[in-house]
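A.B. asks: Before anything else, here's the structure in question.
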Amino acid sequence: MAARKGVDSRTGMWELYVGSETSKRQAAHSAKVYSTAVKQFHASVPDSVSAAVKMNSGPEAGAFLSHDGQTVPMSDEHLRATLRHRQGDELPADGTGICNHKRANKAICGKLHGRDGGEHALNCKIGGVVEKRHNDVRDALRDWLGTVNVSCMTEQEMPKWHTAEEKARLDVVYTDARLGEVCVDVSLVNAVTEGGAKRCLKALERREKSKHVRYPGAGLFAFVLDVRGRWGREAHAFVQSVVGTMDPLKRADAIKDCRRRVSRALHLATAEQLMSAAASPPVMGDVRYGR
Ligand SMILES: [Zn+2]
């Protein structure tokens, strides 16, 4: 770092430098270089890879990698499976290529899914793992709302949206002084990446719209997220609506905390899905072949 005229070189040089116009200009140039590099990367890879990277991206998708110093850290095994899935590994949790998700009677799913990058494991409904993933994300939202002094209830029946075929049960419900009764419906999508990133984002949008068709009128936030971590627009809007009246100095931390909690819950659950599907089925005996 070159000494600048008028700056006392004995103390606080780095602090002055960080806050200087030179440094800000540097940051602006770096942002342009980064943005160009990202565009070049997406143009150089197949549409499906570009789409997968975009669904894995954004401050919300990778928030599980930040740690608050209090929560028990994600285990090495869960982190490994999560990262391998995010990197597009064909077999993110090793295993035999046969789904080992268990029914209540202990019978396994048994689907031969091969090296499908975790596709079957994340869609397989055997063993309640898909439901658990949804509930874990819902509970992460509920817990976060508690930290920002919003008292909510989960799994509430809403008679105004009951139909002849189905009762309406909303994931998170609370009363807000400005907005009235607020309902949040958590929904996960495993968007197909073959059609490119735009189609993936459309899939999130379509799910949001379908929720408003099912629950018409005001008072609903469709909190839609892709299994890789990307949120739909309404999920972001919901969080902004919660922090809107907070002290501006506390807003950024609250948003960051929400993203971290939701991302951690999602990625722990998806890692569980991948790992439990990949576990080897138990063998009946200790088989050995002697010479
Ligand atoms: Zn299965």
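All residue names refer to the structure tokens as shown: chains lettered A, B, ... in order, residues numbered from 1 in each chain, ligands numbered from 1 in order.
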With the cut-off set at 12 Å and counting only C-alpha atoms and all ligand atoms, tabulate each residue of chain A with an atom at most that distance from an atom of ligand 1, showing the nearest atom pair and its distance in Å to one decimal, ordered by chain and increasing number, as JSON lines.

C.D. replies:
{"residue": "A:Gly97", "atom": "CA", "partner": "ligand 1", "partner_atom_place_in_ligand_line": "1 (Zn)", "distance": 10.3}
{"residue": "A:Ile98", "atom": "CA", "partner": "ligand 1", "partner_atom_place_in_ligand_line": "1 (Zn)", "distance": 7.8}
{"residue": "A:Cys99", "atom": "CA", "partner": "ligand 1", "partner_atom_place_in_ligand_line": "1 (Zn)", "distance": 4.5}
{"residue": "A:Asn100", "atom": "CA", "partner": "ligand 1", "partner_atom_place_in_ligand_line": "1 (Zn)", "distance": 6.5}
{"residue": "A:His101", "atom": "CA", "partner": "ligand 1", "partner_atom_place_in_ligand_line": "1 (Zn)", "distance": 5.5}
{"residue": "A:Lys102", "atom": "CA", "partner": "ligand 1", "partner_atom_place_in_ligand_line": "1 (Zn)", "distance": 8.3}
{"residue": "A:Arg103", "atom": "CA", "partner": "ligand 1", "partner_atom_place_in_ligand_line": "1 (Zn)", "distance": 9.8}
{"residue": "A:Ala107", "atom": "CA", "partner": "ligand 1", "partner_atom_place_in_ligand_line": "1 (Zn)", "distance": 11.0}
{"residue": "A:Ile108", "atom": "CA", "partner": "ligand 1", "partner_atom_place_in_ligand_line": "1 (Zn)", "distance": 7.7}
{"residue": "A:Cys109", "atom": "CA", "partner": "ligand 1", "partner_atom_place_in_ligand_line": "1 (Zn)", "distance": 4.6}
{"residue": "A:Gly110", "atom": "CA", "partner": "ligand 1", "partner_atom_place_in_ligand_line": "1 (Zn)", "distance": 6.3}
{"residue": "A:Lys111", "atom": "CA", "partner": "ligand 1", "partner_atom_place_in_ligand_line": "1 (Zn)", "distance": 5.4}
{"residue": "A:Leu112", "atom": "CA", "partner": "ligand 1", "partner_atom_place_in_ligand_line": "1 (Zn)", "distance": 8.3}
{"residue": "A:His113", "atom": "CA", "partner": "ligand 1", "partner_atom_place_in_ligand_line": "1 (Zn)", "distance": 8.2}
{"residue": "A:Gly114", "atom": "CA", "partner": "ligand 1", "partner_atom_place_in_ligand_line": "1 (Zn)", "distance": 11.5}
{"residue": "A:Gly118", "atom": "CA", "partner": "ligand 1", "partner_atom_place_in_ligand_line": "1 (Zn)", "distance": 10.4}
{"residue": "A:Glu119", "atom": "CA", "partner": "ligand 1", "partner_atom_place_in_ligand_line": "1 (Zn)", "distance": 9.9}
{"residue": "A:His120", "atom": "CA", "partner": "ligand 1", "partner_atom_place_in_ligand_line": "1 (Zn)", "distance": 6.2}
{"residue": "A:Ala121", "atom": "CA", "partner": "ligand 1", "partner_atom_place_in_ligand_line": "1 (Zn)", "distance": 5.8}
{"residue": "A:Leu122", "atom": "CA", "partner": "ligand 1", "partner_atom_place_in_ligand_line": "1 (Zn)", "distance": 8.6}
{"residue": "A:Asn123", "atom": "CA", "partner": "ligand 1", "partner_atom_place_in_ligand_line": "1 (Zn)", "distance": 7.7}
{"residue": "A:Cys124", "atom": "CA", "partner": "ligand 1", "partner_atom_place_in_ligand_line": "1 (Zn)", "distance": 4.5}
{"residue": "A:Lys125", "atom": "CA", "partner": "ligand 1", "partner_atom_place_in_ligand_line": "1 (Zn)", "distance": 6.8}
{"residue": "A:Ile126", "atom": "CA", "partner": "ligand 1", "partner_atom_place_in_ligand_line": "1 (Zn)", "distance": 5.9}
{"residue": "A:Gly127", "atom": "CA", "partner": "ligand 1", "partner_atom_place_in_ligand_line": "1 (Zn)", "distance": 8.5}
{"residue": "A:Gly128", "atom": "CA", "partner": "ligand 1", "partner_atom_place_in_ligand_line": "1 (Zn)", "distance": 10.6}
{"residue": "A:Val129", "atom": "CA", "partner": "ligand 1", "partner_atom_place_in_ligand_line": "1 (Zn)", "distance": 9.9}
{"residue": "A:Val130", "atom": "CA", "partner": "ligand 1", "partner_atom_place_in_ligand_line": "1 (Zn)", "distance": 10.7}
{"residue": "A:Gln273", "atom": "CA", "partner": "ligand 1", "partner_atom_place_in_ligand_line": "1 (Zn)", "distance": 9.5}
{"residue": "A:Leu274", "atom": "CA", "partner": "ligand 1", "partner_atom_place_in_ligand_line": "1 (Zn)", "distance": 10.1}
{"residue": "A:Met275", "atom": "CA", "partner": "ligand 1", "partner_atom_place_in_ligand_line": "1 (Zn)", "distance": 11.7}
{"residue": "A:Ser276", "atom": "CA", "partner": "ligand 1", "partner_atom_place_in_ligand_line": "1 (Zn)", "distance": 9.6}
{"residue": "A:Ala277", "atom": "CA", "partner": "ligand 1", "partner_atom_place_in_ligand_line": "1 (Zn)", "distance": 6.6}
{"residue": "A:Ala278", "atom": "CA", "partner": "ligand 1", "partner_atom_place_in_ligand_line": "1 (Zn)", "distance": 9.6}
{"residue": "A:Ala279", "atom": "CA", "partner": "ligand 1", "partner_atom_place_in_ligand_line": "1 (Zn)", "distance": 11.6}

A.B. asks: Just the selected residues (N, CA and C atoms), exported as a CSV table (one decimal), in the first residue's frame, please.

C.D. replies:
chain,number,residue,atom,x,y,z
A,97,GLY,N,-26.9,-47.3,-5.5
A,97,GLY,CA,-27.8,-46.9,-6.6
A,97,GLY,C,-29.2,-47.5,-6.5
A,98,ILE,N,-29.5,-48.1,-5.3
A,98,ILE,CA,-30.8,-48.6,-5.0
A,98,ILE,C,-31.3,-47.8,-3.8
A,99,CYS,N,-32.6,-47.3,-3.9
A,99,CYS,CA,-33.1,-46.4,-2.9
A,99,CYS,C,-33.4,-47.2,-1.6
A,100,ASN,N,-32.9,-46.8,-0.5
A,100,ASN,CA,-33.1,-47.5,0.7
A,100,ASN,C,-34.0,-46.7,1.7
A,101,HIS,N,-34.8,-45.8,1.2
A,101,HIS,CA,-35.8,-45.2,2.0
A,101,HIS,C,-36.8,-46.3,2.5
A,102,LYS,N,-37.1,-46.2,3.8
A,102,LYS,CA,-37.9,-47.3,4.4
A,102,LYS,C,-39.3,-46.9,4.7
A,103,ARG,N,-40.2,-47.8,4.4
A,103,ARG,CA,-41.6,-47.7,4.8
A,103,ARG,C,-41.8,-48.0,6.3
A,107,ALA,N,-40.0,-52.2,4.9
A,107,ALA,CA,-39.7,-52.5,3.6
A,107,ALA,C,-39.1,-51.3,2.9
A,108,ILE,N,-38.0,-51.5,2.1
A,108,ILE,CA,-37.3,-50.4,1.5
A,108,ILE,C,-38.0,-50.1,0.1
A,109,CYS,N,-37.8,-48.8,-0.3
A,109,CYS,CA,-38.3,-48.4,-1.6
A,109,CYS,C,-37.8,-49.3,-2.7
A,110,GLY,N,-36.5,-49.5,-2.8
A,110,GLY,CA,-35.9,-50.5,-3.7
A,110,GLY,C,-35.8,-50.0,-5.2
A,111,LYS,N,-36.1,-48.7,-5.4
A,111,LYS,CA,-36.0,-48.2,-6.8
A,111,LYS,C,-34.5,-48.2,-7.2
A,112,LEU,N,-34.3,-48.7,-8.4
A,112,LEU,CA,-32.9,-48.6,-8.9
A,112,LEU,C,-32.8,-47.3,-9.7
A,113,HIS,N,-32.1,-46.3,-9.0
A,113,HIS,CA,-32.0,-45.0,-9.6
A,113,HIS,C,-30.6,-44.7,-10.2
A,114,GLY,N,-29.6,-45.6,-9.9
A,114,GLY,CA,-28.3,-45.4,-10.5
A,114,GLY,C,-27.6,-44.1,-10.1
A,118,GLY,N,-28.9,-37.7,-7.4
A,118,GLY,CA,-29.8,-37.5,-6.2
A,118,GLY,C,-31.2,-37.2,-6.6
A,119,GLU,N,-31.6,-37.2,-7.9
A,119,GLU,CA,-32.9,-36.9,-8.3
A,119,GLU,C,-34.0,-37.7,-7.6
A,120,HIS,N,-33.8,-39.1,-7.7
A,120,HIS,CA,-34.8,-39.9,-7.1
A,120,HIS,C,-34.9,-39.7,-5.6
A,121,ALA,N,-33.7,-39.7,-4.9
A,121,ALA,CA,-33.7,-39.5,-3.5
A,121,ALA,C,-34.4,-38.3,-3.0
A,122,LEU,N,-34.4,-37.2,-3.8
A,122,LEU,CA,-35.0,-36.0,-3.3
A,122,LEU,C,-36.5,-35.9,-3.7
A,123,ASN,N,-36.9,-36.8,-4.6
A,123,ASN,CA,-38.4,-36.8,-4.9
A,123,ASN,C,-39.1,-38.0,-4.3
A,124,CYS,N,-38.4,-39.0,-3.8
A,124,CYS,CA,-39.0,-40.2,-3.3
A,124,CYS,C,-39.8,-39.9,-2.0
A,125,LYS,N,-41.1,-40.4,-2.1
A,125,LYS,CA,-42.0,-40.0,-0.9
A,125,LYS,C,-42.0,-41.2,0.1
A,126,ILE,N,-41.3,-42.2,-0.1
A,126,ILE,CA,-41.2,-43.4,0.8
A,126,ILE,C,-40.5,-42.9,2.1
A,127,GLY,N,-41.1,-43.2,3.2
A,127,GLY,CA,-40.4,-42.9,4.5
A,127,GLY,C,-40.7,-41.5,5.1
A,128,GLY,N,-41.5,-40.8,4.4
A,128,GLY,CA,-41.9,-39.4,4.9
A,128,GLY,C,-40.8,-38.4,4.8
A,129,VAL,N,-39.7,-38.6,4.0
A,129,VAL,CA,-38.6,-37.7,4.0
A,129,VAL,C,-38.9,-36.4,3.3
A,130,VAL,N,-39.8,-36.4,2.3
A,130,VAL,CA,-40.2,-35.2,1.6
A,130,VAL,C,-41.0,-34.3,2.6
A,273,GLN,N,-32.1,-36.9,3.1
A,273,GLN,CA,-32.7,-37.6,2.0
A,273,GLN,C,-31.7,-38.4,1.2
A,274,LEU,N,-30.6,-37.7,0.8
A,274,LEU,CA,-29.6,-38.3,0.0
A,274,LEU,C,-28.9,-39.5,0.7
A,275,MET,N,-28.6,-39.2,2.0
A,275,MET,CA,-27.8,-40.2,2.8
A,275,MET,C,-28.7,-41.5,3.1
A,276,SER,N,-30.0,-41.2,3.5
A,276,SER,CA,-30.8,-42.4,3.8
A,276,SER,C,-31.2,-43.2,2.6
A,277,ALA,N,-31.3,-42.5,1.4
A,277,ALA,CA,-31.5,-43.3,0.2
A,277,ALA,C,-30.3,-44.1,-0.2
A,278,ALA,N,-29.2,-43.6,0.2
A,278,ALA,CA,-27.9,-44.3,-0.3
A,278,ALA,C,-27.4,-45.4,0.7
A,279,ALA,N,-28.0,-45.4,1.9
A,279,ALA,CA,-27.5,-46.4,2.9
A,279,ALA,C,-27.6,-47.8,2.3

A.B. asks: Skip stretch 194-202 of chain A itself and residues of its chain fewer than 2 positions away, then list as an mmCIF file with N, CA and C atoms, in the first residue's frame all residues within 12 Å of it, counting only C-alpha atoms.

C.D. replies:
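The resulting file, result_11.cif, is reproduced below:
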data_model
loop_
_atom_site.group_PDB
_atom_site.id
_atom_site.type_symbol
_atom_site.label_atom_id
_atom_site.label_comp_id
_atom_site.auth_asym_id
_atom_site.auth_seq_id
_atom_site.Cartn_x
_atom_site.Cartn_y
_atom_site.Cartn_z
ATOM 1 N N HIS A 42 -21.600 -18.502 -17.531
ATOM 2 C CA HIS A 42 -22.918 -19.062 -17.879
ATOM 3 C C HIS A 42 -23.056 -19.275 -19.393
ATOM 4 N N ALA A 43 -22.376 -18.413 -20.172
ATOM 5 C CA ALA A 43 -22.450 -18.565 -21.634
ATOM 6 C C ALA A 43 -21.613 -19.746 -22.114
ATOM 7 N N VAL A 45 -21.175 -22.762 -20.511
ATOM 8 C CA VAL A 45 -21.575 -24.101 -20.049
ATOM 9 C C VAL A 45 -22.956 -24.449 -20.601
ATOM 10 N N PRO A 46 -23.307 -25.749 -20.633
ATOM 11 C CA PRO A 46 -24.643 -26.127 -21.116
ATOM 12 C C PRO A 46 -25.738 -25.469 -20.268
ATOM 13 N N ASP A 47 -26.921 -25.293 -20.888
ATOM 14 C CA ASP A 47 -28.044 -24.641 -20.193
ATOM 15 C C ASP A 47 -28.366 -25.301 -18.857
ATOM 16 N N SER A 48 -28.278 -26.641 -18.830
ATOM 17 C CA SER A 48 -28.663 -27.355 -17.599
ATOM 18 C C SER A 48 -27.683 -27.045 -16.457
ATOM 19 N N VAL A 49 -26.391 -26.903 -16.804
ATOM 20 C CA VAL A 49 -25.388 -26.583 -15.775
ATOM 21 C C VAL A 49 -25.597 -25.156 -15.285
ATOM 22 N N SER A 50 -25.821 -24.236 -16.240
ATOM 23 C CA SER A 50 -26.057 -22.839 -15.891
ATOM 24 C C SER A 50 -27.284 -22.741 -14.975
ATOM 25 N N ALA A 51 -28.326 -23.493 -15.314
ATOM 26 C CA ALA A 51 -29.554 -23.458 -14.494
ATOM 27 C C ALA A 51 -29.289 -23.991 -13.097
ATOM 28 N N ALA A 52 -28.553 -25.100 -13.008
ATOM 29 C CA ALA A 52 -28.260 -25.691 -11.692
ATOM 30 C C ALA A 52 -27.460 -24.722 -10.826
ATOM 31 N N VAL A 53 -26.487 -24.040 -11.465
ATOM 32 C CA VAL A 53 -25.672 -23.071 -10.703
ATOM 33 C C VAL A 53 -26.546 -21.928 -10.205
ATOM 34 N N LYS A 54 -27.458 -21.456 -11.064
ATOM 35 C CA LYS A 54 -28.321 -20.341 -10.650
ATOM 36 C C LYS A 54 -29.272 -20.751 -9.525
ATOM 37 N N MET A 55 -29.750 -21.987 -9.548
ATOM 38 C CA MET A 55 -30.655 -22.424 -8.473
ATOM 39 C C MET A 55 -29.888 -22.670 -7.176
ATOM 40 N N ASN A 56 -28.586 -22.869 -7.294
ATOM 41 C CA ASN A 56 -27.723 -23.034 -6.117
ATOM 42 C C ASN A 56 -27.204 -21.689 -5.606
ATOM 43 N N SER A 57 -27.510 -20.612 -6.330
ATOM 44 C CA SER A 57 -26.883 -19.319 -6.034
ATOM 45 C C SER A 57 -27.816 -18.365 -5.299
ATOM 46 N N VAL A 189 -39.824 -26.982 -4.545
ATOM 47 C CA VAL A 189 -39.845 -27.373 -5.957
ATOM 48 C C VAL A 189 -38.482 -27.979 -6.286
ATOM 49 N N ASN A 190 -38.488 -29.043 -7.078
ATOM 50 C CA ASN A 190 -37.219 -29.577 -7.581
ATOM 51 C C ASN A 190 -37.209 -29.314 -9.084
ATOM 52 N N ALA A 191 -36.887 -28.078 -9.435
ATOM 53 C CA ALA A 191 -37.026 -27.642 -10.829
ATOM 54 C C ALA A 191 -36.086 -28.421 -11.757
ATOM 55 N N VAL A 192 -36.633 -28.830 -12.901
ATOM 56 C CA VAL A 192 -35.842 -29.545 -13.899
ATOM 57 C C VAL A 192 -34.927 -28.552 -14.593
ATOM 58 N N LEU A 204 -40.707 -21.853 -10.142
ATOM 59 C CA LEU A 204 -40.984 -21.262 -8.827
ATOM 60 C C LEU A 204 -42.203 -20.333 -8.915
ATOM 61 N N GLU A 205 -42.235 -19.547 -9.994
ATOM 62 C CA GLU A 205 -43.340 -18.597 -10.199
ATOM 63 C C GLU A 205 -44.672 -19.327 -10.371
ATOM 64 N N ARG A 206 -44.621 -20.417 -11.144
ATOM 65 C CA ARG A 206 -45.846 -21.196 -11.369
ATOM 66 C C ARG A 206 -46.392 -21.743 -10.059
ATOM 67 N N ARG A 207 -45.482 -22.221 -9.205
ATOM 68 C CA ARG A 207 -45.917 -22.764 -7.916
ATOM 69 C C ARG A 207 -46.550 -21.661 -7.055
ATOM 70 N N GLU A 208 -45.944 -20.480 -7.098
ATOM 71 C CA GLU A 208 -46.526 -19.348 -6.344
ATOM 72 C C GLU A 208 -47.952 -19.068 -6.838
ATOM 73 N N LYS A 209 -48.094 -19.018 -8.162
ATOM 74 C CA LYS A 209 -49.422 -18.717 -8.725
ATOM 75 C C LYS A 209 -50.434 -19.784 -8.338
ATOM 76 N N VAL A 224 -42.039 -20.175 -1.638
ATOM 77 C CA VAL A 224 -41.597 -21.264 -2.514
ATOM 78 C C VAL A 224 -40.076 -21.247 -2.626
ATOM 79 N N LEU A 225 -39.462 -22.415 -2.496
ATOM 80 C CA LEU A 225 -38.010 -22.491 -2.677
ATOM 81 C C LEU A 225 -37.641 -23.772 -3.408
ATOM 82 N N ASP A 226 -36.570 -23.678 -4.163
ATOM 83 C CA ASP A 226 -36.061 -24.842 -4.880
ATOM 84 C C ASP A 226 -35.243 -25.690 -3.907
ATOM 85 N N VAL A 227 -35.191 -27.008 -4.148
ATOM 86 C CA VAL A 227 -34.455 -27.882 -3.220
ATOM 87 C C VAL A 227 -32.967 -27.550 -3.154
ATOM 88 N N ARG A 228 -32.460 -26.803 -4.162
ATOM 89 C CA ARG A 228 -31.039 -26.419 -4.116
ATOM 90 C C ARG A 228 -30.839 -25.161 -3.284
ATOM 91 N N ARG A 230 -32.572 -21.856 -3.850
ATOM 92 C CA ARG A 230 -33.038 -20.563 -4.381
ATOM 93 C C ARG A 230 -34.489 -20.290 -3.954
ATOM 94 N N TRP A 231 -34.771 -19.067 -3.557
ATOM 95 C CA TRP A 231 -36.129 -18.688 -3.153
ATOM 96 C C TRP A 231 -36.872 -18.028 -4.307
ATOM 97 N N GLY A 232 -38.191 -18.167 -4.277
ATOM 98 C CA GLY A 232 -39.048 -17.407 -5.181
ATOM 99 C C GLY A 232 -39.199 -15.977 -4.670
ATOM 100 N N ARG A 233 -39.791 -15.114 -5.509
ATOM 101 C CA ARG A 233 -39.904 -13.695 -5.150
ATOM 102 C C ARG A 233 -40.740 -13.459 -3.900
#

A.B. asks: Please, what distance in Å, to one decimal, runs between atom CA of A:Lys32 and atom CA of A:His85?

C.D. replies: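 Taking atom CA of A:Lys32 and atom CA of A:His85, their separation equals 29.6 Å.
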
A.B. asks: Counting only C-alpha atoms, which residues in stretch 50-164 of chain A sit no more than 12 Å from stretch 245-250 of chain A? For each one, give the nearest pair of atoms and the distance in Å, sorted by chain then residue number, as CSV.

C.D. replies:
residue,atom,partner,partner_atom,distance
A:Thr147,CA,A:Lys250,CA,12.0
A:Val148,CA,A:Met246,CA,8.7
A:Asn149,CA,A:Met246,CA,10.5
A:Val150,CA,A:Met246,CA,11.7

A.B. asks: Write a file of the just-selected residues containing C-alpha atoms, as an mmCIF file, in the first residue's frame.

C.D. replies:
data_model
loop_
_atom_site.group_PDB
_atom_site.id
_atom_site.type_symbol
_atom_site.label_atom_id
_atom_site.label_comp_id
_atom_site.auth_asym_id
_atom_site.auth_seq_id
_atom_site.Cartn_x
_atom_site.Cartn_y
_atom_site.Cartn_z
ATOM 1 C CA THR A 147 -36.680 -14.188 17.311
ATOM 2 C CA VAL A 148 -38.216 -11.066 15.738
ATOM 3 C CA ASN A 149 -41.129 -11.056 18.204
ATOM 4 C CA VAL A 150 -43.777 -12.438 15.864
#

A.B. asks: Calculate how many Å separate atom CA of A:Glu90 from atom CA of A:Ala271, rounding to one decimal.

C.D. replies: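 Answer for the atom CA of A:Glu90 to atom CA of A:Ala271 separation: 14.4 Å.
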
A.B. asks: Expressed in Å to a single decimal, how great is the separation between atom CA of A:Val137 and atom CA of A:Gly180?

C.D. replies: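 Those two atoms sit 23.5 Å apart.
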